[in-house]
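Peer 1: query08.txt is reproduced in full below (compact mmCIF, C-alpha atoms and all ligand atoms).
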```
# COMPACT_ATOMS: atom_id res chain seq x y z
CA MET A 21 126.09 44.59 71.27
CA LYS A 22 124.55 41.95 73.47
CA THR A 23 121.26 42.65 75.24
CA TYR A 24 120.48 41.00 78.55
CA ASN A 25 116.95 40.54 79.81
CA LEU A 26 116.88 40.93 83.55
CA ALA A 27 114.06 40.24 85.99
CA LEU A 28 114.08 42.59 88.96
CA ILE A 29 112.46 41.71 92.26
CA PRO A 30 113.22 44.64 94.57
CA GLY A 31 111.04 42.99 97.25
CA ASP A 32 110.68 44.61 100.66
CA GLY A 33 112.28 47.31 102.77
CA ILE A 34 115.79 48.31 101.79
CA GLY A 35 115.61 45.72 99.03
CA VAL A 36 113.96 48.51 97.06
CA ASP A 37 116.62 51.10 98.00
CA VAL A 38 119.58 48.92 97.11
CA THR A 39 118.07 47.50 93.90
CA ASP A 40 117.63 51.05 92.74
CA ALA A 41 121.28 51.80 93.52
CA ALA A 42 122.45 48.58 91.88
CA MET A 43 120.55 49.33 88.67
CA LYS A 44 122.04 52.82 88.46
CA VAL A 45 125.50 51.29 88.61
CA LEU A 46 124.51 48.66 86.04
CA GLY A 47 123.34 51.45 83.75
CA ALA A 48 126.68 53.21 84.10
CA VAL A 49 128.83 50.15 83.49
CA ALA A 50 126.72 49.05 80.53
CA LYS A 51 127.62 52.16 78.49
CA GLY A 52 129.62 51.10 75.46
CA ARG A 53 129.79 47.49 76.67
CA PHE A 54 126.35 45.86 76.52
CA ALA A 55 122.64 46.64 76.61
CA PHE A 56 120.06 45.41 79.09
CA GLU A 57 116.34 45.50 79.60
CA THR A 58 114.73 45.14 82.99
CA THR A 59 111.28 43.90 83.90
CA SER A 60 110.40 44.73 87.48
CA PHE A 61 108.06 42.47 89.46
CA PRO A 62 106.29 43.89 92.51
CA TRP A 63 106.42 40.56 94.36
CA SER A 64 106.79 41.34 98.04
CA CYS A 65 104.93 41.29 101.34
CA GLU A 66 102.83 44.20 100.10
CA TYR A 67 101.88 42.07 97.09
CA TYR A 68 101.00 39.26 99.50
CA LEU A 69 98.59 41.46 101.41
CA LYS A 70 96.74 42.24 98.17
CA HIS A 71 96.87 38.85 96.48
CA GLY A 72 97.31 36.29 99.24
CA ARG A 73 100.55 35.02 97.74
CA MET A 74 104.09 36.31 97.33
CA MET A 75 104.15 35.82 93.58
CA PRO A 76 101.58 34.68 91.02
CA GLU A 77 101.03 30.97 90.49
CA ASP A 78 103.04 31.10 87.27
CA GLY A 79 105.77 33.28 88.82
CA ILE A 80 108.50 30.70 88.36
CA GLU A 81 107.55 30.13 84.72
CA THR A 82 107.56 33.90 84.17
CA LEU A 83 111.09 34.18 85.53
CA ARG A 84 112.42 31.22 83.58
CA GLY A 85 112.81 33.14 80.35
CA PHE A 86 115.17 35.79 81.76
CA ASP A 87 118.95 35.82 81.48
CA ALA A 88 119.26 36.57 85.19
CA ILE A 89 117.24 37.61 88.22
CA TYR A 90 118.23 40.45 90.51
CA LEU A 91 116.59 40.45 93.93
CA GLY A 92 116.79 43.10 96.67
CA ALA A 93 115.44 41.53 99.86
CA VAL A 94 112.32 39.74 101.04
CA GLY A 95 110.54 40.12 104.37
CA TRP A 96 108.26 42.45 106.31
CA PRO A 97 107.56 40.53 109.48
CA ALA A 98 105.22 43.19 110.88
CA THR A 99 102.59 42.12 108.34
CA VAL A 100 103.66 38.74 106.92
CA PRO A 101 105.56 36.08 108.92
CA ASP A 102 109.04 35.47 107.51
CA SER A 103 108.31 31.76 107.25
CA VAL A 104 105.51 32.63 104.82
CA SER A 105 107.23 35.33 102.77
CA LEU A 106 110.52 33.49 102.31
CA HIS A 107 108.86 30.18 101.47
CA GLY A 108 106.65 32.01 99.00
CA LEU A 109 109.34 33.78 96.98
CA LEU A 110 113.08 33.57 97.67
CA LEU A 111 113.44 29.91 98.63
CA PRO A 112 111.22 28.49 95.84
CA ILE A 113 113.24 30.42 93.22
CA ARG A 114 116.52 29.00 94.52
CA LYS A 115 115.10 25.48 94.41
CA ALA A 116 113.04 25.63 91.22
CA PHE A 117 115.96 26.93 89.18
CA ASN A 118 118.50 24.59 90.73
CA GLN A 119 120.57 27.50 91.95
CA TYR A 120 122.50 25.06 94.03
CA ALA A 121 125.67 27.07 94.49
CA ASN A 122 125.34 30.13 96.67
CA ILE A 123 128.58 32.06 96.31
CA ARG A 124 129.42 34.54 99.03
CA PRO A 125 132.79 36.32 99.03
CA HIS A 126 134.21 37.64 102.30
CA ARG A 127 137.15 40.01 102.26
CA LEU A 128 137.84 43.54 103.42
CA LEU A 129 137.37 46.11 100.70
CA ALA A 130 140.04 48.82 100.48
CA GLY A 131 139.52 51.34 103.27
CA VAL A 132 137.06 49.21 105.23
CA GLU A 133 138.04 48.26 108.76
CA GLY A 134 136.55 45.06 110.05
CA PRO A 135 136.27 44.19 113.74
CA LEU A 136 139.23 41.77 113.60
CA LYS A 137 142.97 42.29 113.74
CA ALA A 138 143.35 40.09 110.65
CA GLU A 139 143.23 42.10 107.45
CA GLY A 140 144.50 39.87 104.69
CA PHE A 141 141.69 37.33 104.48
CA ASP A 142 139.92 36.39 101.26
CA ILE A 143 137.29 33.72 101.76
CA LEU A 144 134.90 32.38 99.15
CA CYS A 145 132.02 30.67 100.89
CA ILE A 146 130.11 28.16 98.77
CA ARG A 147 126.81 27.37 100.41
CA GLU A 148 124.63 24.46 99.28
CA ASN A 149 121.42 26.21 98.32
CA THR A 150 118.70 23.71 97.47
CA GLU A 151 118.50 20.92 100.06
CA GLY A 152 120.01 19.92 103.41
CA GLU A 153 118.39 21.62 106.38
CA TYR A 154 116.24 23.77 104.03
CA SER A 155 114.53 20.84 102.34
CA GLY A 156 111.20 21.58 103.95
CA ALA A 157 110.61 17.93 104.82
CA GLY A 158 108.70 17.69 108.05
CA GLY A 159 105.50 18.43 109.85
CA ARG A 160 103.73 19.11 113.12
CA VAL A 161 101.14 17.10 114.97
CA HIS A 162 99.00 17.81 118.05
CA GLU A 163 99.47 21.53 117.53
CA GLY A 164 99.19 23.56 120.69
CA LYS A 165 98.81 20.45 122.87
CA ASP A 166 101.22 19.18 125.52
CA ASN A 167 102.15 16.26 123.31
CA GLU A 168 102.92 18.42 120.31
CA VAL A 169 105.69 17.16 118.03
CA ALA A 170 107.54 19.05 115.32
CA VAL A 171 110.01 17.35 112.99
CA GLU A 172 112.06 18.88 110.25
CA THR A 173 114.38 16.49 108.50
CA SER A 174 117.54 17.45 106.68
CA VAL A 175 117.76 15.81 103.30
CA PHE A 176 121.17 15.19 101.76
CA THR A 177 121.28 13.44 98.39
CA ARG A 178 124.40 12.08 96.72
CA ALA A 179 123.64 14.17 93.65
CA GLY A 180 123.17 17.31 95.74
CA VAL A 181 126.22 16.84 97.93
CA GLU A 182 128.48 15.80 95.08
CA ARG A 183 127.58 18.72 92.84
CA ILE A 184 128.17 21.37 95.50
CA LEU A 185 131.47 19.85 96.57
CA ARG A 186 132.58 19.53 92.96
CA PHE A 187 131.72 23.18 92.47
CA GLY A 188 133.80 24.02 95.54
CA PHE A 189 136.77 22.00 94.31
CA GLU A 190 136.63 23.77 90.95
CA GLN A 191 136.57 27.16 92.68
CA ALA A 192 139.50 26.16 94.90
CA ARG A 193 141.42 25.06 91.82
CA SER A 194 140.93 28.49 90.24
CA ARG A 195 141.99 30.31 93.44
CA ARG A 196 144.61 29.38 96.04
CA GLY A 197 144.00 25.64 95.85
CA HIS A 198 142.59 25.09 99.31
CA LEU A 199 139.15 23.81 100.25
CA THR A 200 137.63 23.63 103.71
CA SER A 201 134.60 21.39 104.02
CA VAL A 202 132.46 22.23 107.03
CA THR A 203 130.27 19.62 108.72
CA LYS A 204 129.38 18.36 112.17
CA SER A 205 130.14 14.72 111.56
CA ASN A 206 131.22 14.07 115.13
CA ALA A 207 127.60 14.50 116.19
CA GLN A 208 125.50 13.97 113.06
CA LYS A 209 126.44 10.47 112.13
CA TYR A 210 124.42 9.97 108.93
CA SER A 211 124.19 13.10 106.82
CA MET A 212 127.44 14.74 107.85
CA VAL A 213 129.49 11.55 107.79
CA PHE A 214 128.10 11.02 104.29
CA TRP A 215 129.16 14.57 103.32
CA ASP A 216 132.68 13.90 104.63
CA GLU A 217 132.86 10.67 102.62
CA VAL A 218 131.86 12.39 99.39
CA THR A 219 134.44 15.08 100.11
CA ARG A 220 137.14 12.41 100.42
CA GLU A 221 135.99 10.69 97.22
CA LEU A 222 136.28 13.94 95.28
CA ALA A 223 139.56 14.87 96.94
CA ALA A 224 141.05 11.79 95.28
CA GLU A 225 140.09 13.33 91.93
CA TYR A 226 141.26 16.87 92.73
CA THR A 227 144.78 16.05 93.85
CA ASP A 228 145.90 19.62 93.16
CA VAL A 229 143.54 20.91 95.88
CA THR A 230 144.39 20.56 99.57
CA VAL A 231 141.40 19.76 101.75
CA SER A 232 140.62 20.48 105.39
CA HIS A 233 137.65 19.00 107.21
CA MET A 234 136.32 21.29 109.93
CA HIS A 235 133.40 21.01 112.28
CA ILE A 236 131.09 24.00 112.29
CA ASP A 237 131.84 24.90 115.91
CA ALA A 238 135.60 24.95 115.35
CA MET A 239 135.01 26.76 112.07
CA VAL A 240 133.29 29.78 113.62
CA ALA A 241 136.28 30.15 115.96
CA LYS A 242 138.67 29.85 113.03
CA MET A 243 136.85 32.53 111.05
CA VAL A 244 137.45 34.93 113.93
CA MET A 245 140.93 33.83 115.01
CA ALA A 246 142.61 33.01 111.69
CA PRO A 247 140.41 33.83 108.68
CA GLN A 248 143.55 34.43 106.59
CA ASP A 249 144.13 30.65 106.54
CA LEU A 250 140.89 30.03 104.63
CA ASP A 251 140.35 30.00 100.87
CA VAL A 252 137.22 28.22 99.60
CA VAL A 253 134.77 27.08 102.25
CA VAL A 254 131.97 24.64 101.38
CA ALA A 255 129.07 24.07 103.73
CA SER A 256 125.50 22.82 103.86
CA ASN A 257 122.56 25.17 103.46
CA LEU A 258 122.09 26.07 107.13
CA PHE A 259 125.75 25.99 108.10
CA GLY A 260 126.53 28.13 105.05
CA ASP A 261 123.79 30.55 106.00
CA ILE A 262 125.20 31.00 109.49
CA LEU A 263 128.84 31.15 108.39
CA THR A 264 128.12 33.84 105.84
CA ASP A 265 126.58 36.19 108.39
CA LEU A 266 129.80 35.74 110.33
CA GLY A 267 131.71 36.31 107.11
CA ALA A 268 129.72 39.49 106.59
CA ALA A 269 130.52 40.64 110.14
CA ILE A 270 134.27 40.17 109.74
CA GLN A 271 134.24 42.04 106.43
CA GLY A 272 132.74 45.09 108.10
CA GLY A 273 129.04 44.27 108.16
CA LEU A 274 126.14 42.93 106.16
CA GLY A 275 126.22 45.99 103.94
CA PHE A 276 129.36 44.57 102.31
CA ALA A 277 128.28 40.95 101.78
CA ALA A 278 127.36 40.02 98.20
CA SER A 279 125.73 36.82 97.08
CA ALA A 280 125.09 34.90 93.89
CA ASN A 281 122.65 32.00 93.65
CA ILE A 282 124.13 30.14 90.73
CA ASN A 283 122.74 27.43 88.49
CA PRO A 284 126.07 26.22 87.13
CA ASP A 285 124.46 24.13 84.35
CA ARG A 286 122.72 27.27 83.09
CA SER A 287 119.52 25.29 82.56
CA ALA A 288 117.66 28.14 84.30
CA PRO A 289 118.45 31.71 85.33
CA SER A 290 120.69 32.46 88.29
CA MET A 291 119.76 35.03 90.92
CA PHE A 292 121.84 37.78 92.48
CA GLU A 293 121.03 39.39 95.82
CA PRO A 294 122.90 40.95 98.72
CA VAL A 295 123.18 38.77 101.84
CA HIS A 296 121.43 41.34 104.03
CA GLY A 297 117.69 41.31 104.55
CA SER A 298 115.02 43.97 104.19
CA ALA A 299 116.01 45.92 107.36
CA PRO A 300 112.54 47.48 107.92
CA ASP A 301 113.92 49.94 110.49
CA ILE A 302 116.02 51.79 107.91
CA ALA A 303 113.86 51.20 104.82
CA GLY A 304 113.33 54.16 102.51
CA LYS A 305 115.64 56.43 104.54
CA ASN A 306 118.44 56.60 101.98
CA ILE A 307 120.92 55.22 104.52
CA ALA A 308 121.23 51.56 103.51
CA ASN A 309 124.71 50.58 102.33
CA PRO A 310 124.34 49.62 98.64
CA VAL A 311 127.82 48.09 98.35
CA ALA A 312 126.68 44.48 98.84
CA ALA A 313 123.98 45.01 96.23
CA ILE A 314 126.43 46.59 93.79
CA TRP A 315 128.98 43.84 94.37
CA SER A 316 126.19 41.36 93.55
CA VAL A 317 125.83 43.17 90.21
CA ALA A 318 129.52 42.44 89.62
CA GLN A 319 128.81 38.76 90.33
CA MET A 320 125.90 38.86 87.87
CA LEU A 321 128.06 40.39 85.15
CA ASP A 322 130.71 37.77 85.71
CA HIS A 323 128.09 35.03 85.35
CA LEU A 324 126.75 36.62 82.17
CA GLY A 325 130.23 36.52 80.66
CA GLU A 326 130.95 40.24 81.09
CA ALA A 327 134.16 39.69 83.03
CA GLU A 328 135.66 43.06 82.17
CA ALA A 329 132.51 44.95 83.23
CA SER A 330 132.39 42.89 86.41
CA ALA A 331 135.96 43.78 87.28
CA ALA A 332 135.23 47.44 86.50
CA VAL A 333 132.35 47.47 89.00
CA LEU A 334 134.48 45.89 91.70
CA SER A 335 137.33 48.33 91.21
CA ALA A 336 134.86 51.22 91.22
CA ILE A 337 133.46 50.02 94.55
CA GLU A 338 136.97 49.81 95.95
CA ALA A 339 137.93 53.20 94.56
CA ALA A 340 134.99 54.64 96.50
CA THR A 341 135.71 52.78 99.75
CA ALA A 342 139.44 53.55 99.48
CA ASN A 343 138.37 57.20 99.52
CA GLY A 344 136.49 56.55 102.74
CA ILE A 345 133.05 56.55 101.12
CA GLY A 346 130.55 54.28 102.81
CA ILE A 347 133.10 52.53 104.99
CA ARG A 348 131.06 52.92 108.20
CA PRO A 349 127.31 53.05 108.84
CA GLY A 350 125.98 56.58 108.99
CA LEU A 351 128.90 58.10 107.09
CA ASN A 352 127.19 58.50 103.69
CA THR A 353 123.76 58.16 102.20
CA THR A 354 122.83 55.39 99.79
CA ASP A 355 122.79 57.97 97.00
CA GLU A 356 126.23 59.32 97.90
CA ILE A 357 127.81 55.88 97.90
CA THR A 358 126.12 55.01 94.61
CA ALA A 359 127.24 58.28 93.04
CA ALA A 360 130.82 57.68 94.21
CA VAL A 361 130.87 54.23 92.60
CA ILE A 362 129.46 55.62 89.36
CA ALA A 363 131.97 58.49 89.37
CA ALA A 364 134.80 55.99 89.78
CA LEU A 365 133.36 53.90 86.93
CA GLU A 366 133.22 56.89 84.64
CA ALA A 367 136.59 58.34 85.64
C1 LIG B 1 120.10 34.42 103.36
C2 LIG B 1 118.89 34.62 104.20
C3 LIG B 1 117.82 33.60 103.83
C4 LIG B 1 118.39 32.23 104.02
C5 LIG B 1 116.53 33.76 104.64
C6 LIG B 1 115.97 35.14 104.50
C7 LIG B 1 115.53 32.69 104.34
O1 LIG B 1 119.21 34.56 105.56
O2 LIG B 1 120.01 34.48 102.12
O3 LIG B 1 121.18 34.20 103.93
O4 LIG B 1 118.42 31.70 105.14
O5 LIG B 1 118.83 31.64 103.04
MN MN B 2 121.31 34.38 105.94
```
Since I need it in another form, could you write the structure as structure tokens?

Peer 2:
Amino acid sequence: MKTYNLALIPGDGIGVDVTDAAMKVLGAVAKGRFAFETTSFPWSCEYYLKHGRMMPEDGIETLRGFDAIYLGAVGWPATVPDSVSLHGLLLPIRKAFNQYANIRPHRLLAGVEGPLKAEGFDILCIRENTEGEYSGAGGRVHEGKDNEVAVETSVFTRAGVERILRFGFEQARSRRGHLTSVTKSNAQKYSMVFWDEVTRELAAEYTDVTVSHMHIDAMVAKMVMAPQDLDVVVASNLFGDILTDLGAAIQGGLGFAASANINPDRSAPSMFEPVHGSAPDIAGKNIANPVAAIWSVAQMLDHLGEAEASAAVLSAIEAATANGIGIRPGLNTTDEITAAVIAALEA
């Protein structure tokens, strides 16, 4: 039997609640299939208050040896500004390990009613995860003065744009054969025009994939009006971030939105985390929806090569939601939803 070594970073707020739920489900699905060992790291805003940093100096090197990283959520803005906590933990991991493909599926699980009339949508959002608007290139001068200036430059490299688009084309090929590339090239005449050009270059290679070019503004309307027309969606870091909160909303809420930060070359571990944040207002109350976190476990298993276990987790989630468990906020506790998924797994 294979043994996987997993690094856990529950993080802050409901990150702790849902990581706990996710690991219970992992324990249940592992039975008879594979073994795993977890090492939990207390890196969080609480850790920051004690140590003055979100993770130790050698945190990245510590994580490098694991087969995968599972992360709950990061952020406790009451004590540590988000710009500090995220740039001290989540974002450096994505970049350092070249987790350039952030995969976020958006569809309605059985029994879940979204806010839209459309029901039959199945979108796979592929968000560029290491550069673009999140490059961190910029600075401020004359702070606090009338002549203050702040610049933050998006950085798009040929290598970075090509690899994410190629990843998107491959995903489209393995699904319904349609790719929508999202830019704003009518207004951003360097980076986004460049992105469109690379998309066209690759389209010539992937002749079995049909390609649509959409601007981000038209895209948000499309995701509400006709999400069923979309298959794979590829977008830059910031556009992908925004689109996937919308994706979460149309699939019934952030509690259903899973996410995988993938290093496709496997030269470093990938990281799995729900799209939602730490939700301080409901932390520790046993009411957070663990479905997104559990779905992220399914993504992790798929990445580790445990396709059958991954599919088992997904069908267990849907068996629970089809029974009405966890389909609306306030309906069930975190524990109840987790127990229902485990019961379905073991049935
Ligand atoms: C996400 C989150 C993060 C992001 C934040 C917390 C920095 O919103 O994973 O979608 O913008 O990437
Ligand atoms: Mn986000």

Peer 1: Quick one: residues within 12 Å of Glu328 of chain A, all atoms listed in the file counted, chain neighbours fewer than 6 positions away excluded, as JSON, numbers by chain?

Peer 2: {"A": [49, 50, 53, 54, 318, 319, 321, 322, 334, 335]}

Peer 1: For Pro112 of chain A, which of A:Glu139, A:Asn149, A:Ile262, A:Ser256 is the closest residue, counting only C-alpha atoms?

Peer 2: A:Asn149

Peer 1: Choose the residue, out of A:Leu351, A:Ala269, A:Ala98, A:Ala339, that has the smallest atom-to-atom separation from Asp301 of chain A; count only C-alpha atoms.

Peer 2: A:Ala98

Peer 1: Quick one: of A:Asp261, A:Glu81, A:Glu221, A:Asp251, who's nearest to ligand LIG 1 (chain B), counting only C-alpha atoms and all ligand atoms?

Peer 2: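 Closest to ligand LIG 1 (chain B) of all the choices is A:Asp261.
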
Peer 1: Within 8 Å of Lys204 of chain A, counting all atoms listed in the file, which residues qualify if same-chain residues fewer than 2 places away don't, as a PyMOL selection string?

Peer 2: chain A and resi 202+206-208+212+234-237

Peer 1: Mind pulling up the distance from atom CA of Val361 of chain A to atom CA of Ala42 of chain A?

Peer 2: 10.2 Å

Peer 1: Report the closest atom pair, with its distance in Å rounded to one decimal, for each residue of chain A that has an atom no farther than 9 Å from ligand LIG 1 (chain B); count only C-alpha atoms and all ligand atoms, sort by chain and then rising residue number, and write it as CSV.

Peer 2:
```
residue,atom,partner,partner_atom,distance
A:Ala93,CA,B:LIG1,C6,7.9
A:Val94,CA,B:LIG1,C6,6.8
A:Gly95,CA,B:LIG1,C6,7.4
A:Asp102,CA,B:LIG1,C6,7.6
A:Ser103,CA,B:LIG1,C7,7.8
A:Ser105,CA,B:LIG1,C7,8.9
A:Leu106,CA,B:LIG1,C7,5.5
A:His107,CA,B:LIG1,C7,7.7
A:Leu110,CA,B:LIG1,C7,7.2
A:Leu111,CA,B:LIG1,C7,6.7
A:Asn122,CA,B:LIG1,O2,8.8
A:Asn149,CA,B:LIG1,O5,7.6
A:Tyr154,CA,B:LIG1,O4,8.3
A:Asn257,CA,B:LIG1,O5,7.5
A:Leu258,CA,B:LIG1,O4,7.0
A:Gly260,CA,B:LIG1,O3,8.2
A:Asp261,CA,B:LIG1,O3,4.9
A:Ile262,CA,B:LIG1,O3,7.6
A:Thr264,CA,B:LIG1,O3,7.2
A:Asp265,CA,B:LIG1,O3,7.3
A:Ser279,CA,B:LIG1,O2,8.0
A:Glu293,CA,B:LIG1,O2,8.1
A:Pro294,CA,B:LIG1,O2,7.9
A:Val295,CA,B:LIG1,O2,5.3
A:His296,CA,B:LIG1,C1,7.1
A:Gly297,CA,B:LIG1,C6,6.4
A:Ser298,CA,B:LIG1,C6,8.9
```

Peer 1: So which residues touch Val253 of chain A within 9 Å, counting all atoms listed in the file, skipping near sequence neighbours fewer than 3 positions away, as an mmCIF file with C-alpha atoms, in the coordinates of the input?

Peer 2:
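Generated file (selection23.cif):
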```cif
data_model
loop_
_atom_site.group_PDB
_atom_site.id
_atom_site.type_symbol
_atom_site.label_atom_id
_atom_site.label_comp_id
_atom_site.auth_asym_id
_atom_site.auth_seq_id
_atom_site.Cartn_x
_atom_site.Cartn_y
_atom_site.Cartn_z
ATOM 1 C CA ILE A 143 137.290 33.720 101.760
ATOM 2 C CA LEU A 144 134.900 32.380 99.150
ATOM 3 C CA CYS A 145 132.020 30.670 100.890
ATOM 4 C CA ILE A 146 130.110 28.160 98.770
ATOM 5 C CA ARG A 147 126.810 27.370 100.410
ATOM 6 C CA GLY A 188 133.800 24.020 95.540
ATOM 7 C CA ALA A 192 139.500 26.160 94.900
ATOM 8 C CA HIS A 198 142.590 25.090 99.310
ATOM 9 C CA LEU A 199 139.150 23.810 100.250
ATOM 10 C CA THR A 200 137.630 23.630 103.710
ATOM 11 C CA SER A 201 134.600 21.390 104.020
ATOM 12 C CA VAL A 202 132.460 22.230 107.030
ATOM 13 C CA LEU A 250 140.890 30.030 104.630
ATOM 14 C CA GLY A 260 126.530 28.130 105.050
#
```

Peer 1: May I have the protein, DNA and RNA residues with an atom at most 7 Å from (118.6, 33.8, 88.1), counting only C-alpha atoms in the file's coordinates, returned as a PyMOL selection string?

Peer 2: chain A and resi 87-89+288-292

Peer 1: As an exercise, work out the distance from atom CA of Val240 of chain A to atom CA of Pro125 of chain A in Å and give it to one decimal place.

Peer 2: 16.0 Å

Peer 1: Just the number, please: distance in Å from atom CA of Met75 of chain A to atom CA of Ala55 of chain A, one decimal.

Peer 2: 27.3 Å

Peer 1: With all atoms listed in the file as the atoms that count, which of A:Ala313, A:Met21, A:Val231, A:Met245 lies nearest to Arg196 of chain A?

Peer 2: A:Val231

Peer 1: With only C-alpha atoms and all ligand atoms as the basis for distance, which of A:Ala268, A:Ala342, A:Ala116, A:Ala241 is at the shortest distance from ligand MN 2 (chain B)?

Peer 2: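 Nearest candidate to ligand MN 2 (chain B) out of A:Ala268, A:Ala342, A:Ala116, A:Ala241: A:Ala268.
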
Peer 1: Which residue gives the smallest distance to Ile347 of chain A among A:Glu66, A:Asp37, A:Asp166, A:Glu133, with all atoms listed in the file counted?

Peer 2: A:Glu133

Peer 1: Show me, as number ranges by chain, the residues that have an atom within 6 Å of Leu91 of chain A when counting all atoms listed in the file, minus same-chain residues fewer than 5 positions from it.

Peer 2: A: 28-30, 293

Peer 1: As AutoDock Vina command-line options, please report the centre and edge lengths, rounded to one decimal in Å, of the axis-aligned box that holds all listed atoms of segment 79-90 of chain A with 8 Å of padding on each of the six sides.

Peer 2:
```
--center_x 112.5 --center_y 35.3 --center_z 85.4 --size_x 29.5 --size_y 26.3 --size_z 26.2
```
